[in-house]
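Novice: Got input.tsv for you, TSV, C-alpha atoms:
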chain	number	residue	atom	x	y	z
A	1	MET	CA	241.98	-10.03	74.41
A	2	PHE	CA	240.10	-10.57	71.16
A	3	LYS	CA	240.81	-8.23	68.27
A	4	GLU	CA	237.75	-7.18	66.30
A	5	ARG	CA	237.68	-8.93	62.92
A	6	SER	CA	236.19	-6.01	60.97
A	7	TYR	CA	236.62	-7.84	57.66
A	8	ARG	CA	233.95	-10.33	58.77
A	9	ARG	CA	231.34	-7.68	58.05
A	10	TRP	CA	232.09	-8.21	54.34
A	11	VAL	CA	230.91	-11.85	54.39
A	12	GLU	CA	227.90	-12.54	52.18
A	13	SER	CA	226.86	-16.19	51.76
A	14	GLY	CA	223.16	-16.44	50.99
A	15	ASP	CA	223.21	-20.24	51.06
A	16	LEU	CA	225.07	-20.45	54.37
A	17	VAL	CA	224.49	-19.31	57.94
A	18	SER	CA	227.33	-18.06	60.12
A	19	PHE	CA	228.24	-17.89	63.79
A	20	GLU	CA	231.32	-17.26	65.93
A	21	ILE	CA	233.09	-19.46	68.46
A	22	LYS	CA	235.62	-17.81	70.77
A	23	GLU	CA	237.79	-19.71	73.24
A	24	LYS	CA	240.94	-18.04	74.55
A	25	GLU	CA	243.10	-17.23	71.50
A	26	THR	CA	240.86	-19.21	69.14
A	27	ASP	CA	238.33	-17.03	67.31
A	28	LEU	CA	236.38	-18.91	64.64
A	29	PHE	CA	233.88	-17.54	62.14
A	30	ILE	CA	231.97	-20.58	60.91
A	31	SER	CA	229.62	-20.83	57.93
A	32	VAL	CA	227.54	-23.95	57.29
A	33	GLU	CA	224.50	-24.85	55.22
A	34	ASP	CA	221.31	-23.16	56.36
A	35	PRO	CA	219.13	-25.84	58.00
A	36	LEU	CA	215.96	-24.25	56.60
A	37	LEU	CA	217.26	-24.21	53.02
A	38	ARG	CA	218.44	-27.79	53.43
A	39	LEU	CA	214.98	-28.89	54.53
A	40	LYS	CA	213.35	-27.12	51.59
A	41	THR	CA	215.50	-29.02	49.11
A	42	LYS	CA	214.72	-32.38	50.73
A	43	LEU	CA	210.97	-32.09	51.25
A	44	ARG	CA	208.21	-31.05	48.87
A	45	SER	CA	206.06	-29.90	51.73
A	46	PHE	CA	206.86	-29.66	55.39
A	47	GLU	CA	205.98	-27.85	58.55
A	48	THR	CA	208.79	-26.50	60.61
A	49	SER	CA	209.13	-23.60	62.98
A	50	TYR	CA	211.92	-21.08	63.06
A	51	SER	CA	212.53	-22.21	66.62
A	52	SER	CA	213.41	-25.70	65.40
A	53	VAL	CA	215.73	-24.20	62.79
A	54	SER	CA	217.34	-22.08	65.50
A	55	GLN	CA	217.87	-25.22	67.55
A	56	ASP	CA	219.60	-26.80	64.56
A	57	ARG	CA	221.93	-23.80	64.32
A	58	ILE	CA	222.61	-24.01	68.04
A	59	ARG	CA	223.49	-27.67	67.56
A	60	PHE	CA	226.13	-26.70	64.98
A	61	ALA	CA	227.55	-24.12	67.37
A	62	ASN	CA	227.66	-26.59	70.26
A	63	LEU	CA	229.41	-29.20	68.12
A	64	ALA	CA	231.96	-26.65	66.97
A	65	ARG	CA	232.62	-25.43	70.51
A	66	GLU	CA	233.09	-28.99	71.79
A	67	ALA	CA	235.57	-29.65	68.98
A	68	VAL	CA	237.49	-26.44	69.70
A	69	LEU	CA	237.76	-27.31	73.38
A	70	ALA	CA	238.89	-30.86	72.60
A	71	TYR	CA	241.60	-29.85	70.11
A	72	ARG	CA	242.83	-26.98	72.27
A	73	SER	CA	243.04	-29.42	75.19
A	74	ASP	CA	245.10	-31.84	73.07
A	75	ILE	CA	247.56	-29.08	72.21
A	76	GLU	CA	247.73	-27.63	75.73
A	77	ARG	CA	248.25	-31.03	77.37
A	78	TYR	CA	251.02	-31.93	74.94
A	79	ALA	CA	252.72	-28.57	75.49
A	80	LEU	CA	252.86	-29.31	79.22
A	81	LYS	CA	255.08	-32.28	78.34
A	82	SER	CA	257.08	-30.40	75.71
A	83	GLU	CA	257.57	-26.72	76.48
A	84	GLU	CA	259.42	-26.13	73.22
A	85	PHE	CA	256.25	-26.99	71.30
A	86	TYR	CA	254.96	-23.51	72.13
A	87	THR	CA	258.22	-21.62	71.70
A	88	ALA	CA	260.18	-23.32	68.91
A	89	LEU	CA	260.68	-21.22	65.79
A	90	THR	CA	262.06	-24.17	63.81
A	91	PRO	CA	260.70	-27.71	63.32
A	92	ILE	CA	260.79	-30.12	66.26
A	93	ASP	CA	260.11	-33.83	66.67
A	94	VAL	CA	256.97	-34.89	68.52
A	95	ASP	CA	256.06	-38.20	70.14
A	96	LYS	CA	254.48	-40.87	67.97
A	97	GLU	CA	251.74	-41.03	70.60
A	98	ALA	CA	251.06	-37.28	70.38
A	99	PRO	CA	247.49	-36.20	69.54
A	100	VAL	CA	246.68	-36.21	65.84
A	101	ILE	CA	246.39	-32.43	65.65
A	102	VAL	CA	249.82	-32.06	67.27
A	103	GLN	CA	251.32	-34.44	64.73
A	104	ALA	CA	249.66	-32.53	61.88
A	105	MET	CA	251.10	-29.25	63.12
A	106	ALA	CA	254.58	-30.74	63.50
A	107	ALA	CA	254.45	-32.31	60.02
A	108	ALA	CA	253.40	-29.01	58.45
A	109	ALA	CA	256.11	-27.12	60.33
A	110	GLU	CA	258.73	-29.61	59.14
A	111	LYS	CA	257.81	-29.02	55.49
A	112	ALA	CA	257.77	-25.24	55.86
A	113	GLY	CA	260.83	-24.93	58.09
A	114	VAL	CA	259.05	-23.12	60.93
A	115	GLY	CA	257.92	-23.88	64.47
A	116	PRO	CA	254.77	-26.00	65.03
A	117	MET	CA	252.69	-23.15	66.48
A	118	ALA	CA	252.91	-21.46	63.06
A	119	ALA	CA	250.39	-24.09	61.96
A	120	VAL	CA	247.96	-23.91	64.89
A	121	ALA	CA	245.26	-21.65	63.46
A	122	GLY	CA	245.02	-23.54	60.18
A	123	ALA	CA	245.08	-26.88	61.96
A	124	ILE	CA	242.23	-25.98	64.33
A	125	ALA	CA	240.18	-24.55	61.45
A	126	GLU	CA	240.54	-27.75	59.43
A	127	PHE	CA	240.07	-30.23	62.25
A	128	VAL	CA	236.93	-28.49	63.47
A	129	GLY	CA	235.70	-28.05	59.90
A	130	ARG	CA	236.12	-31.68	58.93
A	131	GLY	CA	234.14	-32.67	62.00
A	132	LEU	CA	231.25	-30.44	60.93
A	133	LEU	CA	231.23	-32.00	57.45
A	134	ALA	CA	229.34	-34.92	58.98
A	135	PHE	CA	226.39	-32.52	59.37
A	136	SER	CA	226.87	-30.01	56.54
A	137	LYS	CA	228.20	-30.71	53.05
A	138	GLN	CA	229.62	-27.20	52.88
A	139	VAL	CA	231.76	-25.69	55.62
A	140	ILE	CA	233.86	-22.52	55.74
A	141	ILE	CA	235.86	-21.76	58.88
A	142	GLU	CA	237.97	-18.63	59.26
A	143	ASN	CA	240.37	-18.45	62.19
A	144	GLY	CA	242.08	-15.06	62.23
A	145	GLY	CA	242.78	-15.01	58.50
A	146	ASP	CA	243.39	-18.75	58.21
A	147	ILE	CA	240.60	-20.58	56.41
A	148	PHE	CA	239.46	-24.14	55.83
A	149	LEU	CA	236.66	-24.58	53.34
A	150	LYS	CA	234.84	-27.30	51.50
A	151	THR	CA	232.34	-25.85	49.08
A	152	SER	CA	230.10	-27.14	46.31
A	153	ARG	CA	229.87	-23.77	44.59
A	154	LYS	CA	232.31	-21.11	43.45
A	155	ARG	CA	233.32	-18.67	46.19
A	156	ILE	CA	234.89	-15.22	45.99
A	157	MET	CA	237.33	-14.52	48.81
A	158	GLY	CA	238.35	-10.91	49.44
A	159	ILE	CA	241.91	-10.12	50.47
A	160	TYR	CA	242.43	-8.00	53.59
A	161	ALA	CA	245.93	-6.49	53.68
A	162	GLY	CA	245.28	-3.70	56.16
A	163	ASP	CA	243.10	-0.61	55.95
A	164	SER	CA	245.78	1.42	54.15
A	165	SER	CA	246.59	-1.21	51.50
A	166	PRO	CA	245.47	-0.36	47.94
A	167	PHE	CA	244.54	-4.03	47.53
A	168	THR	CA	242.06	-4.20	50.41
A	169	GLY	CA	238.56	-4.12	48.98
A	170	ASN	CA	239.90	-4.16	45.42
A	171	LEU	CA	241.41	-7.62	45.13
A	172	ALA	CA	239.93	-11.09	45.63
A	173	ILE	CA	240.62	-14.69	44.68
A	174	GLU	CA	238.15	-17.12	43.16
A	175	ILE	CA	237.84	-20.55	44.78
A	176	GLU	CA	236.39	-23.34	42.67
A	177	PRO	CA	234.19	-26.10	44.16
A	178	ASN	CA	236.37	-28.71	45.78
A	179	GLU	CA	235.86	-32.29	46.91
A	180	LYS	CA	238.74	-32.64	49.37
A	181	GLY	CA	238.62	-29.25	51.07
A	182	LEU	CA	241.19	-26.46	50.97
A	183	GLY	CA	243.27	-24.40	53.32
A	184	VAL	CA	243.65	-20.73	52.41
A	185	CYS	CA	245.88	-19.11	55.01
A	186	THR	CA	247.43	-15.66	55.32
A	187	SER	CA	250.34	-14.29	57.31
A	188	SER	CA	251.03	-10.58	57.76
A	189	GLY	CA	253.83	-8.60	59.29
A	190	THR	CA	251.74	-5.41	59.34
A	191	VAL	CA	248.19	-6.52	60.21
A	192	SER	CA	248.11	-9.72	62.24
A	193	HIS	CA	248.94	-10.08	65.92
A	194	SER	CA	250.68	-13.38	65.08
A	195	LEU	CA	254.47	-13.52	65.10
A	196	SER	CA	256.07	-12.61	61.79
A	197	PHE	CA	259.65	-11.64	60.99
A	198	GLY	CA	258.70	-10.03	57.68
A	199	ASN	CA	256.93	-6.92	56.44
A	200	ALA	CA	254.43	-8.43	54.01
A	201	ASP	CA	250.94	-6.96	54.20
A	202	ALA	CA	249.70	-10.39	53.17
A	203	ALA	CA	251.39	-13.67	52.33
A	204	LEU	CA	248.63	-16.05	51.25
A	205	ILE	CA	249.01	-19.77	50.63
A	206	ILE	CA	246.60	-22.33	49.17
A	207	SER	CA	246.99	-26.01	50.04
A	208	GLU	CA	244.77	-29.03	50.56
A	209	ASP	CA	246.30	-29.13	54.08
A	210	ALA	CA	245.26	-26.06	56.11
A	211	ALA	CA	247.98	-26.62	58.71
A	212	LEU	CA	250.55	-26.62	55.91
A	213	ALA	CA	248.99	-23.53	54.32
A	214	ASP	CA	249.31	-21.74	57.67
A	215	ALA	CA	252.93	-22.80	58.23
A	216	ALA	CA	253.92	-22.00	54.65
A	217	ALA	CA	252.26	-18.57	54.85
A	218	THR	CA	254.41	-17.83	57.90
A	219	ALA	CA	257.56	-18.98	56.09
A	220	ALA	CA	256.76	-16.92	52.99
A	221	GLY	CA	255.81	-13.87	55.04
A	222	ASN	CA	259.03	-14.09	57.03
A	223	ALA	CA	261.00	-13.88	53.78
A	224	VAL	CA	259.48	-10.54	52.73
A	225	LYS	CA	261.36	-7.54	54.12
A	226	SER	CA	260.68	-5.33	51.09
A	227	ALA	CA	259.05	-5.51	47.67
A	228	ASP	CA	262.37	-6.75	46.30
A	229	ASP	CA	261.80	-10.01	48.21
A	230	ILE	CA	258.51	-10.97	46.52
A	231	GLU	CA	260.16	-13.28	44.00
A	232	LYS	CA	262.26	-14.92	46.72
A	233	ALA	CA	259.22	-15.53	48.91
A	234	ILE	CA	257.30	-17.04	46.01
A	235	GLY	CA	260.24	-19.33	45.26
A	236	LEU	CA	260.32	-20.44	48.88
A	237	ALA	CA	256.59	-21.22	48.87
A	238	ARG	CA	256.87	-23.13	45.59
A	239	SER	CA	259.57	-25.34	47.09
A	240	ILE	CA	257.27	-26.53	49.90
A	241	ASP	CA	255.63	-29.85	49.03
A	242	GLY	CA	251.85	-29.48	49.10
A	243	VAL	CA	251.63	-25.76	48.33
A	244	LYS	CA	249.26	-25.16	45.39
A	245	GLY	CA	249.39	-21.37	45.17
A	246	VAL	CA	250.94	-18.27	46.72
A	247	LEU	CA	250.12	-14.56	46.70
A	248	ILE	CA	252.38	-11.88	48.19
A	249	LEU	CA	251.28	-8.27	48.82
A	250	ILE	CA	253.48	-5.49	50.18
A	251	GLY	CA	252.76	-1.80	49.72
A	252	ASP	CA	251.49	-1.35	46.17
A	253	LYS	CA	253.40	-4.38	44.82
A	254	MET	CA	252.24	-7.96	44.42
A	255	GLY	CA	253.27	-11.31	43.00
A	256	SER	CA	251.60	-14.71	42.66
A	257	TRP	CA	252.14	-18.26	41.47
A	258	GLY	CA	250.12	-21.42	41.05
A	259	GLU	CA	246.40	-21.91	41.60
A	260	ILE	CA	245.66	-18.28	42.37
A	261	LYS	CA	242.81	-16.84	40.30
A	262	LEU	CA	242.72	-13.11	40.95
A	263	ILE	CA	239.61	-11.03	40.30
The structure in this file should be written as structure tokens.
Specialist:
Amino acid sequence: MFKERSYRRWVESGDLVSFEIKEKETDLFISVEDPLLRLKTKLRSFETSYSSVSQDRIRFANLAREAVLAYRSDIERYALKSEEFYTALTPIDVDKEAPVIVQAMAAAAEKAGVGPMAAVAGAIAEFVGRGLLAFSKQVIIENGGDIFLKTSRKRIMGIYAGDSSPFTGNLAIEIEPNEKGLGVCTSSGTVSHSLSFGNADAALIISEDAALADAAATAAGNAVKSADDIEKAIGLARSIDGVKGVLILIGDKMGSWGEIKLI
């Protein structure tokens, strides 16, 4: 069952077009450069129909769906060989011959001290997103609160911490243009359907590795049982190699560290 992502109604990106890809538990909201705007910047005069632009958008969607199916297949086939890959709550070793996305998830989990599936949403978002960069210089992929983005302009990213949170709709982070791409991933013990052992309304991590951001968000979120744990959770996130910023929200309390620009 898919849960409605009501926060997606807030998305406003005039220079990008968006579409959704849903496959089993994977639910991607993908934004790429508008083919029509791209053509206008390249040609002084041209004739093109909206039908051809629509076909270009369909091509993006088809490429994304093919990538989702391929990466999900890699994960599912590996899990048939290693049942603990799905169930482990702590890091595990994977075969050297394992698919690249499986290795990325395991490496992220090792750094964060969690199971490999804690990195799955961020990993899929980044792997699919990097594939689309061959066709669009800007890509933003959101996968249930876990985001990979590569953008050439400043972006404002709203924070959703549940409908009752005083921060929802009133707090956002500013993301600067980036050359390498970023993972911005969030774990919640009160909002998300994903497994969390904490009570954080939002534990957000920024990293250049989206799989790591996802795993680290889980680790930080697990550490928050009450507002008294904010400092501890931030310390945990800071200790994870590759984490560039952390934001913790619980009730009406918050704390942050690193490359988090709040607005």
Novice: Give me, as a PyMOL selection string, all polymer residues having an atom no more than 8 Å from range 252-263 of chain A, counting only C-alpha atoms and skipping those fewer than 4 positions away in the same chain.
Specialist: chain A and resi 165-167+171-175+206+227+230-231+234+238+244-248
Novice: Could you tell me how far CA of Asp27 in chain A lies from CA of Tyr160 in chain A, in Å and to one decimal?
Specialist: 16.9 Å
Novice: Have a look at CA of Phe60 in chain A and CA of Leu149 in chain A and let me know their distance in Å, one decimal.
Specialist: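 Result for CA of Phe60 in chain A versus CA of Leu149 in chain A: 15.8 Å, one decimal.
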Novice: Just how far from CA of Glu33 in chain A is CA of Val17 in chain A, in Å to one decimal?
Specialist: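 Interatomic distance here is 6.2 Å.
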Novice: Tell me which of A:Ala220, A:Phe85, A:Lys150, A:Lys111 sits closest to Gly235 in chain A, counting only C-alpha atoms.
Specialist: A:Ala220
Novice: Could you check which of A:Val184, A:Leu132, A:Leu212, A:Ile159 is closest to Glu66 in chain A, using only C-alpha atoms?
Specialist: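 Answer, going by the shortest atom-to-atom distance: A:Leu132.
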Novice: Quick one: of A:Leu236, A:Val114, A:Ala213, A:Val68, who's nearest to Phe127 in chain A, counting all atoms listed in the file?
Specialist: A:Val68
Novice: Counting all atoms listed in the file, figure out which residue out of A:Asp163, A:Asp146, A:Glu84, A:Asp241 gets nearest to Ala217 in chain A.
Specialist: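 When distances to Ala217 in chain A are compared using all atoms listed in the file, the smallest one comes from A:Asp146.
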Novice: Quick one: residues within 7 Å of Ala109 in chain A, all atoms listed in the file counted, chain neighbours fewer than 5 positions away excluded, as a list of chain:residue names?
Specialist: A:Pro91, A:Val114, A:Gly115, A:Pro116, A:Ala119, A:Ala215
Novice: Just want the 8 Å neighbourhood of range 200-203 of chain A, counted on all atoms listed in the file, with same-chain residues fewer than 3 positions away dropped. Output as a list in words.
Specialist: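 Counting only the stated atoms, we get Tyr160, Ala161, Gly162, Ser165, Thr186, Ser187, Ser188, Gly189, Thr190, Val191, Ala217, Thr218, Ala220, Gly221, Asn222, Val224, Lys225, Ser226, Val246, Leu247, Ile248, Leu249, Ile250 and Gly251 of chain A.
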Novice: Using all atoms listed in the file, which residues sit within 9 Å of Ala210 in chain A once same-chain residues fewer than 6 positions away are excluded, as a PyMOL selection string?
Specialist: chain A and resi 108+119+121-126+146-148+181-185
Novice: List as a count of residues only the protein and nucleic acid residues near range 92-94 of chain A, meaning an atom at most 10 Å away when only C-alpha atoms are counted, but skip any in the same chain fewer than 2 places from it.
Specialist: 22
